[in-house]
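The block underneath contains the structure these notes are about, expressed in structure tokens.
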Amino acid sequence: MSQAAIELQDVEYTGKFSLSIWRKLFAYAWPYRRQVVGLFSGALTLGGLEALFPLVTRSVVNEAVAHGAQARLWVCALIYVAFTLLFGITVMAFIRLAGWISSTVSHDLRRRGFEHLQELSFSFYDRRPAGWLVARLTGDCDRLSNIIAWGVLMDVVWSSCNVIGTSTVMLSLNWRLGLWVLVIVPGLVLAGAYFQPRILKLSRAIRKQNSAITGAYNECIAGVRTTKTLVREEHNLREFQAKTGQMYGDSVRNAVLSSLFFPLMLTVGSIGQALALWHGGRMVLATGENPHPDVGTMVAFINCAGSLIWPIWELARVMADLQNAQAAAERVLGLIETEPQVKDTPEALAAMAAVRAHGGPAAGEALDGGPRDIQHVEFRHVNFHYVEGQSVLEDFNLTVGGGQTIALVGPTGGGKSTIVNLLGRFYEPTGGEILINGRDYRQRSLLWLQSSLGIVLQQPHLFSGTIRQNIRYGRLEATDEEVETAARLVCAHEFILKQDKGYDTEVGEGGVKLSTGQKQLVAFARAVLADPQIFIMDEATSSVDTETEQHIQRGLAAVLTGRISFIIAHRLSTIRKADRILVIEGGRIVEQGRHRELIALHGQYYDLYTNQFTEERTSEVLARHAPPAAAKAAPAQ
Amino acid sequence: MSGKLGTLWGLMRGHRLRYAMAIVATLVSIYFMYQVPLIVGGTIDLLYPKERAPQHLTYVHRALDRLGGRNALGRNLALVAASLILMRAFSGYFLYTRGRWAAVAAESIAKRLRERLYDHLQHLPCRYHDKAETGDLIQRCTSDVDTIRMFLGSQVVEMGRALMLLIVGLPFLLYLHVWMGLMSMAMIPFIVGFGVAFFSKVQRTFKASDEAEGKMTSRLQENLSGIRVVRAFARQQYEIEHFAQANSEYRRRWYRLMQLLSFYWPTSDLMCFTQQGIVLFAGAWYVSRGDLTAGDLFTYIMYVNLFLWPVRNMGRILADMGKALVSIGRVGEILSQPVEVEQELLSQPDNVAQPPSAVAFLAGPHANGHDLGVAKSPSAMATLMEPHLNGHSAQPRAAVPHAGTQPAAPPGEIVVKNLVFNHGPEIPVLRGISLRIEPGMTLAMLGPSGSGKSTLINLLLRLYDYDTGSIRLDGLELRALPRKFVRAQIGSVLQEPFLYSKSLRENIKLSCTEAADEDIVAAASAACIHESIEGFENGYDTLVGERGVTLSGGQRQRVALARALLKNPPILILDDAFSAVDTHTEKMILRALRNRHGRRTTIVIAHRLSTLMHADRVIVLDEGQIVQSGTHDSLIAEDGMYRRLWQIQTSLADDLAAELEANGAKAK
């Protein structure tokens with residue numbers, strides 16, 4: 001586990017430029033090639049227009065100087081207006097196009113990523129915290145689409161076109177003077193190449209420190225009692241100061257670099273202007289009567305020299321950013337290209353295709369043409385490990401017939417949850433096979449199997465939305481009555497009605513507004529509503545109080561009849577009624593049988609049972625002392 | 001508003017001079033920069049002489065004339081070029097200085113603000129944290145502080161620069177030609193006004209886009225953290241559709257924002273071009289009439305270019321400044337919350353004979369309950385140090401102070417009298433508790449949830465303050481003792497122990513930062529967690545949390561116990577600390593605790609009889625009152641909760657048999 005976490009230490013730099021990654025990335029922009037071409041030509045136009053602009057100034061100045069009172073300035077004014085309008089329209093078009101492309105590509109990448117995440121196996125999730133995945137589909141996707149639209153298509157095209165255009169203008173006006181001015185270009189490029197990657201690297205470091213600081217605040221608040229009782233305030237503050245100190249150092253360094261970079265570029269730019277003035281001036285002085293270059297050209301040169309810094313600035317920024325973006329692209333594309341470990345086998349896919357070709361499954365048939373109902377489940381010589389070399393199940397054998405309730409008991413880490421995870425095909429056996437109705441379940445459809453399950457987990461997870469929506473998650477087309485019936489069955493109805501808005505009460509993100517016990521009840525109702533063929537409970541009622549638990553027992557009996565059920569049990573009442581109890585330890589069944597038989601055995605089960613028995617009775621005694629309101633509602637036994 | 005500006009001014013303390021210097025540097029930088037157009041203009045005038053000399057000569061004209069005029073210009077051009085570069089370089093140098101000073105000031109202020117918030121949060125009473133929302137607090141400490149930082153570090157600075165560009169520029173512009181000067185600023189009010197209007201107006205769209213992004217992110221987050229539920233119900237398709245909605249909505253909102261910006265930028269560009277056009281054509285017209293020289297015209301063109309773009313940003317900055325004020329208000333709200341204050345010590349007549357250590361505690365910088373707290377245990381306490389877990393103590397630890405010169409009774413005596421505590425005005429939690437715990441005694445508490453056990457513990461730890469009654473620690477009124485001193489005397493394992501995202505070693509060492517590795521292992525062994533820790537790949541260096549291992553509830557409780565044991569305090573409190581530990585392990589831990597070198601006053605809250613029965617005394621709490629009190633033997637002799645628990649255990653075999661029979665009967 002810890003090793004997996006270390007692997008996720010984000011690679012920020014990938015040294016080499018990888019063409020294949022960019023090709024894959026640009027494939028996401030390919031469907032929008034018309035917009036891409038539009039943006040490309042917009043950037044080209046813009047770069048060109050800006051390069052030509054000094055020429056307009058030049059002609060105005062020359063006209064005024066040369067023709068005096070007869071100057072036809074209005075012609076120039078018309079050209080100027082046309083120029084600026086064209087410029088404005090192009091800017092508008094390119095912002096729209098770039099905005100459209102970046103938001104669409106990011107949207108598409110995210111959709112692809114999300115859809116793919118729905119297919120990936122649990123083993124994938126075991127090794128990646130949710131927060132890491134979220135960052136891939138939010139920050140990284142946005143960064144990539146931005147670099148495609150604004151960086152490459154916009155800035156690179158515009159800047160290159162602008163530099164080339166400006167150079168062309170200068171060289172065509174006066175090639176010798178042009179060359180003098182262009183001397184500064186290598187200087188500008190060098191400055192950009194030096195500063196921009198460093199500034200970006202520091203910004204990245206600052207972003208990381210920022211999230212470390214956020215984490216520290218989180219811990220400060222969540223652990224405030226621990227801090228107080230351990231009198232850790234001063235130590236904590238010192239540790240926090242180390243974090244803020246680092247952030248301070250990097251931020252100031254970043255600001256210093258930026259405030260060096262900008263004036264430096266301006267100064268280099270002014271060298272170009274000075275060179276234009278110096279050499280241009282000498283040429284003028286050398287020509288005498290009819291000065292060459294003329295005054296307008298001189299003005300144009302000085303303007304050109306001053307404006308050369310901006311495109312090079314942008315170019316350096318995008319180039320530095322590209323390296324960074326490539327790392328993001330590797331992460332996102334890597335996620336999208338991860339093969340799910342559990343997926344439909346070719347034969348299952350073929351079977352499903354055949355059924356679809358014949359107009360869908362017949363009555364009693366699943367979508368792969370096999371029988372819809374599950375009568376029989378068998379684990380045959382099943383081996384399993386999550387991590388190579390750390391076996392969890394070894395040669396595990398189990399046969400369960402229709403309608404049976406199997407209780408799994410035993411110490412934590414013994415393999416109980418693994419058994420139900422394998423049954424649900426969230427993982428597949430690493431050895432042996434699991435048969436459903438006598439057929440290896442890998443030959444059947446994954447969707448069919450998993451939608452035949454109803455699972456209640458120990459940590460109930462609810463989605464934000466109302467209680468009703470959460471229960472309905474079990475069967476989307478259920479009516480309100482059916483939702484309520486399910487809630488009644490698991491004794492959730494009463495507490496739900498006591499909420500502000502009854503079934504329409506919002507549960508908050510992850511269900512935070514409900515207690516764990518209440519969440520378990522809602523999750524239970526959700527599974528009941530699904531009316532599954534196999535019912536699985538993973539210590540699902542551990543946080544429900546004794547009284548509610550007794551209510552649930554009655555509902556549970558109705559739920560369990562007629563289906564195969566696997567119950568990882570916490571409460572004795574559930575275990576006692578099981579058709580078969582398996583004591584699982586170290587990946588093996590160490591005892592099995594009915595309750596009476598196992599008690600009589602005086603073995604492992606007996607110990608587990610008596611321990612649990614004492615705990616339950618103790619909490620019953622304590623509950624009877626609870627405030628009178630609760631005591632009154634206690635059921636008469 | 002003025003209050004917020006006052007807060008801002010207060011925040012800038014210690015950096016005001018630096019800001020003033022930054023302003024001066026900006027002025028100087030602009031002054032040098034503004035020489036460049038004059039130099040270029042003067043040179044051009046001399047290069048292209050007209051019949052009519054320029055109306056207003058600048059120092060550049062005069063200087064070039066004095067150096068020999070046009071005839072010597074060939075020689076002087078190099079000088080002109082050099083001075084141009086020099087002016088730019090000077091200007092750049094001061095620009096850099098300004099940037100550096102402003103950054104140091106803003107980042108220092110932000111750093112101080114972050115630290116103040118952090119420390120303030122640590123010292124806010126539990127009552128505050130009970131009510132506060134974590135997400136909101138963090139938002140204020142991070143995004144709001146960042147908004148303030150941006151405001152101080154870049155917005156104020158950029159605003160100042162833009163304003164100075166205009167103010168410093170005005171005399172230059174008006175000197176050469178009054179009308180041209182006025183015209184070169186003609187569009188400025190409109191450009192700035194348009195920016196302010198636009199960005200104030202689109203703030204809603206920005207917000208809508210942020211919200212749509214937030215929704216999309218939280219849908220994603222929920223899906224991923226609930227992926228097991230999604231799979232368990234095979235709801236992939238449903239989730240994909242739901243996410244697609246949020247995803248498209250985000251895209252739509254974001255593109256809407258882009259559309260608005262695609263209106264703003266070209267419009268603003270056109271206004272700027274209009275400004276440049278006015279100067280260009282009016283200037284050309286004056287040139288054609290001979291009122292202005294070509295050099296003057298070029299000077300104007302350059303000036304407008306220099307100030308137009310920074311000034312254009314003013315609109316956006318002005319519109320954004322409102323956000324900074326809101327942020328200052330939000331941050332100020334946290335800082336104005338009163339922290340835990342130590343105030344009653346000196347006014348309490350009971351504690352006339354103040355222990356020197358406690359006084360020293362108060363005299364320190366933390367007397368206002370806010371500063372850095374226990375820097376070092378005062379030496380008076382160090383002399384009273386107790387032997388450490390393994391006989392040697394690395395950290396000077398506080399022992400309970402002794403009243404005056406009285407011979408020292410073994411510390412750790414707690415006397416509670418008529419203790420009353422209400423949670424809020426209407427909800428009584430403790431209704432008059434009196435009890436005495438002798439030094440070295442183990443007291444067990446039993447009672448249903450809500451009976452007040454944990455509250456009593458919280459009061460002992462001074463996490464809350466009691467209303468009436470008294471708690472005395474070795475004869476001293478608890479309320480009058482410094483909180484940190486009291487807490488230093490108590491090692492506690494609370495119901496849901498919190499572990500920091502550090503290594504296991506660091507987590508255990510929290511209570512005793514300089515502990516040696518043997519001590520840590522000893523504490524971990526006593527808490528029966530040593531073997532589990534050794535089982536991890538990185539042993540004691542294994543990280544806890546997202547980037548490391550996830551510990552089970554029982555493991556967390558045991559790590560917290562090891563932490564408390566390492567501290568080796570005079571008083572040990574275990575609040576339901578073994579609830580997630582299995583009975584077998586619990587027995588081993590209890591045995592280790594009993595065998596510890598030198599017994600401590602111990603308070604145990606538990607439900608298991610096996611935990612309770614070895615206590616010197618057991619009290620049963622119900623609805624905030626002690627309903628039973630006695631030893632194991634006396635309590636099983638009287639009717640009550642304790643005896644009922646005892647009966648469960650003793651009659652286990654009979655009950656089982658009865659139950660089996662009943663079940664068997666039902667089955668038939």
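Residues in the structure tokens are named by chain (A, B, ... in the order shown) and by number from 1 within that chain; ligands are numbered from 1 in the order shown.
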>> Taking the DSSP secondary structure from the backbone, can you list the residues of range 301-431 of chain A that are strand (DSSP E), as a ChimeraX atom specification?
In response: /A:376-387,390-401,405-409,431
Can you write out the residues you just picked, keeping N, CA and C atoms, as a JSON list (two decimals), in the first residue's frame?
[["chain", "number", "residue", "atom", "x", "y", "z"],
["A", 376, "HIS", "N", -27.30, -21.13, -8.07],
["A", 376, "HIS", "CA", -26.24, -21.93, -7.49],
["A", 376, "HIS", "C", -24.92, -21.19, -7.64],
["A", 377, "VAL", "N", -24.16, -21.13, -6.55],
["A", 377, "VAL", "CA", -22.86, -20.46, -6.61],
["A", 377, "VAL", "C", -21.81, -21.42, -6.06],
["A", 378, "GLU", "N", -20.70, -21.51, -6.74],
["A", 378, "GLU", "CA", -19.66, -22.40, -6.22],
["A", 378, "GLU", "C", -18.27, -21.77, -6.34],
["A", 379, "PHE", "N", -17.54, -21.80, -5.24],
["A", 379, "PHE", "CA", -16.12, -21.44, -5.27],
["A", 379, "PHE", "C", -15.36, -22.75, -5.40],
["A", 380, "ARG", "N", -14.53, -22.88, -6.43],
["A", 380, "ARG", "CA", -13.81, -24.14, -6.61],
["A", 380, "ARG", "C", -12.31, -23.88, -6.60],
["A", 381, "HIS", "N", -11.65, -24.37, -5.59],
["A", 381, "HIS", "CA", -10.19, -24.22, -5.44],
["A", 381, "HIS", "C", -9.73, -22.79, -5.67],
["A", 382, "VAL", "N", -10.43, -21.85, -5.08],
["A", 382, "VAL", "CA", -10.12, -20.44, -5.35],
["A", 382, "VAL", "C", -8.89, -19.99, -4.56],
["A", 383, "ASN", "N", -7.97, -19.39, -5.27],
["A", 383, "ASN", "CA", -6.83, -18.71, -4.63],
["A", 383, "ASN", "C", -6.97, -17.23, -4.92],
["A", 384, "PHE", "N", -6.49, -16.43, -4.00],
["A", 384, "PHE", "CA", -6.52, -15.00, -4.27],
["A", 384, "PHE", "C", -5.48, -14.25, -3.44],
["A", 385, "HIS", "N", -4.87, -13.28, -4.09],
["A", 385, "HIS", "CA", -4.01, -12.36, -3.34],
["A", 385, "HIS", "C", -4.17, -10.97, -3.96],
["A", 386, "TYR", "N", -4.12, -9.95, -3.09],
["A", 386, "TYR", "CA", -4.14, -8.56, -3.58],
["A", 386, "TYR", "C", -2.73, -8.18, -4.02],
["A", 387, "VAL", "N", -1.77, -8.58, -3.19],
["A", 387, "VAL", "CA", -0.37, -8.28, -3.48],
["A", 387, "VAL", "C", 0.35, -9.61, -3.69],
["A", 390, "GLN", "N", 1.36, -12.38, -0.99],
["A", 390, "GLN", "CA", 0.63, -12.29, 0.27],
["A", 390, "GLN", "C", -0.76, -12.89, 0.05],
["A", 391, "SER", "N", -0.82, -14.18, 0.12],
["A", 391, "SER", "CA", -2.04, -14.90, -0.19],
["A", 391, "SER", "C", -3.14, -14.57, 0.81],
["A", 392, "VAL", "N", -4.33, -14.33, 0.30],
["A", 392, "VAL", "CA", -5.46, -14.03, 1.18],
["A", 392, "VAL", "C", -6.39, -15.25, 1.26],
["A", 393, "LEU", "N", -6.66, -15.84, 0.11],
["A", 393, "LEU", "CA", -7.45, -17.07, 0.10],
["A", 393, "LEU", "C", -6.60, -18.17, -0.53],
["A", 394, "GLU", "N", -6.70, -19.37, 0.06],
["A", 394, "GLU", "CA", -5.95, -20.47, -0.50],
["A", 394, "GLU", "C", -6.84, -21.69, -0.61],
["A", 395, "ASP", "N", -6.98, -22.17, -1.82],
["A", 395, "ASP", "CA", -7.77, -23.36, -2.08],
["A", 395, "ASP", "C", -9.11, -23.30, -1.34],
["A", 396, "PHE", "N", -9.83, -22.24, -1.62],
["A", 396, "PHE", "CA", -11.09, -22.01, -0.93],
["A", 396, "PHE", "C", -12.22, -22.68, -1.70],
["A", 397, "ASN", "N", -13.02, -23.47, -1.00],
["A", 397, "ASN", "CA", -14.13, -24.18, -1.65],
["A", 397, "ASN", "C", -15.42, -23.91, -0.91],
["A", 398, "LEU", "N", -16.45, -23.65, -1.69],
["A", 398, "LEU", "CA", -17.74, -23.36, -1.06],
["A", 398, "LEU", "C", -18.83, -23.57, -2.09],
["A", 399, "THR", "N", -19.92, -24.21, -1.69],
["A", 399, "THR", "CA", -21.05, -24.38, -2.59],
["A", 399, "THR", "C", -22.29, -23.84, -1.89],
["A", 400, "VAL", "N", -22.99, -22.98, -2.59],
["A", 400, "VAL", "CA", -24.18, -22.38, -2.00],
["A", 400, "VAL", "C", -25.35, -22.61, -2.93],
["A", 401, "GLY", "N", -26.42, -23.16, -2.40],
["A", 401, "GLY", "CA", -27.61, -23.41, -3.21],
["A", 401, "GLY", "C", -28.61, -22.28, -3.10],
["A", 405, "THR", "N", -28.77, -18.71, 3.23],
["A", 405, "THR", "CA", -28.11, -17.58, 3.86],
["A", 405, "THR", "C", -26.81, -18.06, 4.49],
["A", 406, "ILE", "N", -25.71, -17.46, 4.07],
["A", 406, "ILE", "CA", -24.40, -17.84, 4.57],
["A", 406, "ILE", "C", -23.88, -16.72, 5.45],
["A", 407, "ALA", "N", -23.52, -17.04, 6.67],
["A", 407, "ALA", "CA", -22.91, -16.03, 7.53],
["A", 407, "ALA", "C", -21.41, -16.28, 7.59],
["A", 408, "LEU", "N", -20.65, -15.20, 7.43],
["A", 408, "LEU", "CA", -19.20, -15.32, 7.50],
["A", 408, "LEU", "C", -18.74, -14.64, 8.78],
["A", 409, "VAL", "N", -18.06, -15.36, 9.63],
["A", 409, "VAL", "CA", -17.54, -14.74, 10.84],
["A", 409, "VAL", "C", -16.06, -15.04, 10.95],
["A", 431, "GLY", "N", -6.51, -17.89, -8.86],
["A", 431, "GLY", "CA", -6.42, -19.30, -9.16],
["A", 431, "GLY", "C", -7.76, -19.94, -8.89]]
> Taking only C-alpha atoms into account, what are the residues of chain A at most 6 Å from chain B, put as a ChimeraX atom specification?
Replying inline: /A:2,5,64,68-69,88,91-92,95-96,99,103,118,130,223,229-231,234,244,248,252,256,259-260,263,267,270-271,274,278,282,450-451,455,461,618,622,626
Restricted to N, CA and C atoms, what would the selected residues look like written as an mmCIF file, in the first residue's frame?
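Output contents, as saved in again-v9.cif:
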data_model
loop_
_atom_site.group_PDB
_atom_site.id
_atom_site.type_symbol
_atom_site.label_atom_id
_atom_site.label_comp_id
_atom_site.auth_asym_id
_atom_site.auth_seq_id
_atom_site.Cartn_x
_atom_site.Cartn_y
_atom_site.Cartn_z
ATOM 1 N N SER A 2 1.819 1.249 0.945
ATOM 2 C CA SER A 2 2.628 2.456 1.045
ATOM 3 C C SER A 2 3.492 2.620 -0.202
ATOM 4 N N ALA A 5 1.527 4.183 -2.875
ATOM 5 C CA ALA A 5 1.327 5.612 -2.661
ATOM 6 C C ALA A 5 2.557 6.386 -3.111
ATOM 7 N N ALA A 64 2.462 63.575 -43.155
ATOM 8 C CA ALA A 64 2.387 64.881 -42.503
ATOM 9 C C ALA A 64 3.662 65.676 -42.710
ATOM 10 N N GLY A 68 3.003 68.582 -45.621
ATOM 11 C CA GLY A 68 2.587 69.752 -44.862
ATOM 12 C C GLY A 68 1.089 69.921 -44.888
ATOM 13 N N ALA A 69 0.635 71.099 -45.197
ATOM 14 C CA ALA A 69 -0.789 71.418 -45.130
ATOM 15 C C ALA A 69 -1.589 70.634 -46.166
ATOM 16 N N GLY A 88 -9.902 44.274 -34.036
ATOM 17 C CA GLY A 88 -10.906 43.993 -33.000
ATOM 18 C C GLY A 88 -11.710 42.746 -33.318
ATOM 19 N N VAL A 91 -9.646 39.660 -32.783
ATOM 20 C CA VAL A 91 -9.478 39.356 -31.362
ATOM 21 C C VAL A 91 -10.734 38.681 -30.825
ATOM 22 N N MET A 92 -11.874 39.246 -31.188
ATOM 23 C CA MET A 92 -13.125 38.675 -30.706
ATOM 24 C C MET A 92 -13.253 37.223 -31.178
ATOM 25 N N ILE A 95 -10.742 34.833 -29.358
ATOM 26 C CA ILE A 95 -11.072 34.513 -27.960
ATOM 27 C C ILE A 95 -12.206 33.488 -27.938
ATOM 28 N N ARG A 96 -13.190 33.718 -28.804
ATOM 29 C CA ARG A 96 -14.312 32.771 -28.830
ATOM 30 C C ARG A 96 -13.849 31.384 -29.256
ATOM 31 N N GLY A 99 -11.619 29.853 -26.594
ATOM 32 C CA GLY A 99 -12.461 29.490 -25.457
ATOM 33 C C GLY A 99 -13.275 28.251 -25.769
ATOM 34 N N SER A 103 -12.548 24.749 -23.832
ATOM 35 C CA SER A 103 -13.577 24.181 -22.957
ATOM 36 C C SER A 103 -14.084 22.857 -23.507
ATOM 37 N N GLN A 118 -15.196 4.477 -14.680
ATOM 38 C CA GLN A 118 -16.315 3.623 -14.298
ATOM 39 C C GLN A 118 -16.034 2.160 -14.638
ATOM 40 N N ALA A 130 -8.784 8.992 -3.945
ATOM 41 C CA ALA A 130 -9.759 9.691 -4.782
ATOM 42 C C ALA A 130 -9.271 11.085 -5.147
ATOM 43 N N GLY A 223 -7.658 18.172 14.467
ATOM 44 C CA GLY A 223 -6.959 17.612 15.620
ATOM 45 C C GLY A 223 -6.847 18.569 16.784
ATOM 46 N N THR A 229 -4.765 18.712 24.259
ATOM 47 C CA THR A 229 -4.471 17.806 25.362
ATOM 48 C C THR A 229 -2.997 17.446 25.398
ATOM 49 N N LEU A 230 -2.339 17.477 24.256
ATOM 50 C CA LEU A 230 -0.907 17.174 24.265
ATOM 51 C C LEU A 230 -0.059 18.431 24.443
ATOM 52 N N VAL A 231 -0.731 19.575 24.582
ATOM 53 C CA VAL A 231 -0.044 20.866 24.686
ATOM 54 C C VAL A 231 0.969 20.991 23.544
ATOM 55 N N GLU A 234 2.678 24.944 20.532
ATOM 56 C CA GLU A 234 3.907 25.623 20.146
ATOM 57 C C GLU A 234 4.663 24.822 19.078
ATOM 58 N N THR A 244 5.216 27.761 6.110
ATOM 59 C CA THR A 244 4.975 29.104 5.582
ATOM 60 C C THR A 244 6.299 29.765 5.210
ATOM 61 N N TYR A 248 7.121 31.349 1.774
ATOM 62 C CA TYR A 248 7.568 32.741 1.711
ATOM 63 C C TYR A 248 8.825 32.843 0.852
ATOM 64 N N VAL A 252 8.906 34.864 -2.661
ATOM 65 C CA VAL A 252 9.740 36.050 -2.849
ATOM 66 C C VAL A 252 10.727 35.809 -3.993
ATOM 67 N N VAL A 256 11.000 38.006 -7.232
ATOM 68 C CA VAL A 256 12.263 38.636 -7.593
ATOM 69 C C VAL A 256 12.639 38.272 -9.026
ATOM 70 N N SER A 259 10.405 40.201 -11.283
ATOM 71 C CA SER A 259 10.698 41.625 -11.366
ATOM 72 C C SER A 259 12.076 41.881 -11.959
ATOM 73 N N LEU A 260 12.878 40.843 -12.083
ATOM 74 C CA LEU A 260 14.134 40.994 -12.832
ATOM 75 C C LEU A 260 13.887 40.805 -14.328
ATOM 76 N N PRO A 263 12.007 43.986 -16.398
ATOM 77 C CA PRO A 263 12.884 45.107 -16.755
ATOM 78 C C PRO A 263 14.034 44.693 -17.675
ATOM 79 N N THR A 267 14.907 46.359 -21.131
ATOM 80 C CA THR A 267 16.211 46.962 -21.386
ATOM 81 C C THR A 267 16.814 46.415 -22.675
ATOM 82 N N SER A 270 15.245 48.047 -25.411
ATOM 83 C CA SER A 270 15.703 49.423 -25.634
ATOM 84 C C SER A 270 17.056 49.440 -26.329
ATOM 85 N N ILE A 271 17.815 48.358 -26.189
ATOM 86 C CA ILE A 271 19.062 48.267 -26.954
ATOM 87 C C ILE A 271 18.747 48.277 -28.439
ATOM 88 N N ALA A 274 17.900 51.721 -29.372
ATOM 89 C CA ALA A 274 19.110 52.554 -29.416
ATOM 90 C C ALA A 274 19.906 52.271 -30.689
ATOM 91 N N TRP A 278 20.839 54.956 -33.485
ATOM 92 C CA TRP A 278 22.255 55.210 -33.742
ATOM 93 C C TRP A 278 22.568 54.998 -35.219
ATOM 94 N N ARG A 282 23.018 57.648 -38.333
ATOM 95 C CA ARG A 282 24.234 57.778 -39.146
ATOM 96 C C ARG A 282 23.924 57.685 -40.625
ATOM 97 N N GLN A 450 -23.352 -8.030 -11.835
ATOM 98 C CA GLN A 450 -23.290 -6.982 -10.821
ATOM 99 C C GLN A 450 -24.646 -6.324 -10.610
ATOM 100 N N SER A 451 -25.490 -6.307 -11.655
ATOM 101 C CA SER A 451 -26.800 -5.724 -11.377
ATOM 102 C C SER A 451 -27.723 -6.746 -10.710
ATOM 103 N N ILE A 455 -25.829 -4.867 -2.300
ATOM 104 C CA ILE A 455 -24.734 -4.885 -1.327
ATOM 105 C C ILE A 455 -24.902 -3.754 -0.326
ATOM 106 N N HIS A 461 -21.996 4.577 2.033
ATOM 107 C CA HIS A 461 -21.713 5.799 1.281
ATOM 108 C C HIS A 461 -22.993 6.289 0.635
ATOM 109 N N THR A 618 -24.217 -6.212 27.157
ATOM 110 C CA THR A 618 -23.760 -5.035 27.881
ATOM 111 C C THR A 618 -24.373 -3.770 27.301
ATOM 112 N N LEU A 622 -26.859 -1.009 29.003
ATOM 113 C CA LEU A 622 -26.581 0.430 28.990
ATOM 114 C C LEU A 622 -27.712 1.181 28.303
ATOM 115 N N ALA A 626 -30.548 4.491 29.142
ATOM 116 C CA ALA A 626 -30.509 5.702 28.330
ATOM 117 C C ALA A 626 -31.722 6.565 28.640
#
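Going from CA of Leu179 in chain A to CA of Leu264 in chain A covers 21.3 Å.
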> Suppose you want the space between CA of Val169 in chain A and CA of Met187 in chain B; what is it in Å?
Replying inline: 29.7 Å
>> Using only C-alpha atoms, which protein or nucleic acid residues come within 8 Å of Val429 in chain B? Drop anything in the same chain fewer than 5 positions from it, and give the result as a PyMOL selection string.
In response: chain B and resi 420-423+450-452+455+623-624
Could you save the residues just selected, with C-alpha atoms, as an mmCIF file, in the first residue's frame?
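What landed in part.cif:
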data_model
loop_
_atom_site.group_PDB
_atom_site.id
_atom_site.type_symbol
_atom_site.label_atom_id
_atom_site.label_comp_id
_atom_site.auth_asym_id
_atom_site.auth_seq_id
_atom_site.Cartn_x
_atom_site.Cartn_y
_atom_site.Cartn_z
ATOM 1 C CA VAL B 420 -22.376 21.490 37.272
ATOM 2 C CA PHE B 421 -22.052 21.913 33.546
ATOM 3 C CA ASN B 422 -24.571 22.898 30.926
ATOM 4 C CA HIS B 423 -24.209 22.523 27.206
ATOM 5 C CA GLY B 450 -24.947 10.937 27.199
ATOM 6 C CA SER B 451 -24.585 10.369 30.919
ATOM 7 C CA GLY B 452 -21.782 12.908 31.176
ATOM 8 C CA THR B 455 -17.929 15.808 29.611
ATOM 9 C CA GLU B 623 -28.027 11.637 33.422
ATOM 10 C CA GLY B 624 -25.224 13.723 34.803
#
> Neighbours of range 196-210 of chain A within 8 Å (only C-alpha atoms; same-chain residues fewer than 2 positions away dropped), as an NGL selection string?
Replying inline: :A and (192-194 or 212-214 or 243 or 246-247 or 250-251 or 253-254 or 257-258 or 316-317 or 320-321)
Output C-alpha atoms for every residue in that selection, as a compact mmCIF listing (two decimals), in the first residue's frame.
# COMPACT_ATOMS: atom_id res chain seq x y z
CA GLY A 192 13.23 34.13 -21.89
CA ALA A 193 14.77 30.69 -21.91
CA TYR A 194 16.55 31.42 -18.66
CA ALA A 212 0.62 21.47 2.18
CA ILE A 213 -0.51 24.55 4.07
CA THR A 214 -4.14 23.74 3.37
CA LYS A 243 5.91 25.44 5.85
CA GLN A 246 9.34 27.81 2.68
CA MET A 247 6.37 29.24 0.84
CA ASP A 250 9.84 30.58 -2.87
CA SER A 251 7.23 33.28 -3.36
CA ARG A 253 12.23 34.29 -5.10
CA ASN A 254 9.53 33.97 -7.71
CA LEU A 257 12.76 36.58 -10.74
CA SER A 258 9.69 38.11 -12.33
CA ALA A 316 9.35 31.38 -23.90
CA ARG A 317 6.44 31.02 -21.50
CA ALA A 320 8.44 26.26 -20.58
CA ASP A 321 4.83 25.33 -19.97
> Which residues in range 12-252 of chain A does DSSP call alpha helix (DSSP H)? List them as a VMD selection string.
Replying inline: chain A and resid 19 to 27 33 to 67 73 to 119 122 to 126 130 to 135 141 to 146 157 to 173 175 to 182 184 to 222 224 to 229 233 to 252
> Near Ser167 in chain A, within 10 Å and counting only C-alpha atoms, which residues show up once chain neighbours fewer than 2 positions away are dropped, as a PyMOL selection string?
Replying inline: chain A and resi 51+161-165+169-173+175+178-179+181-182+304-305+308
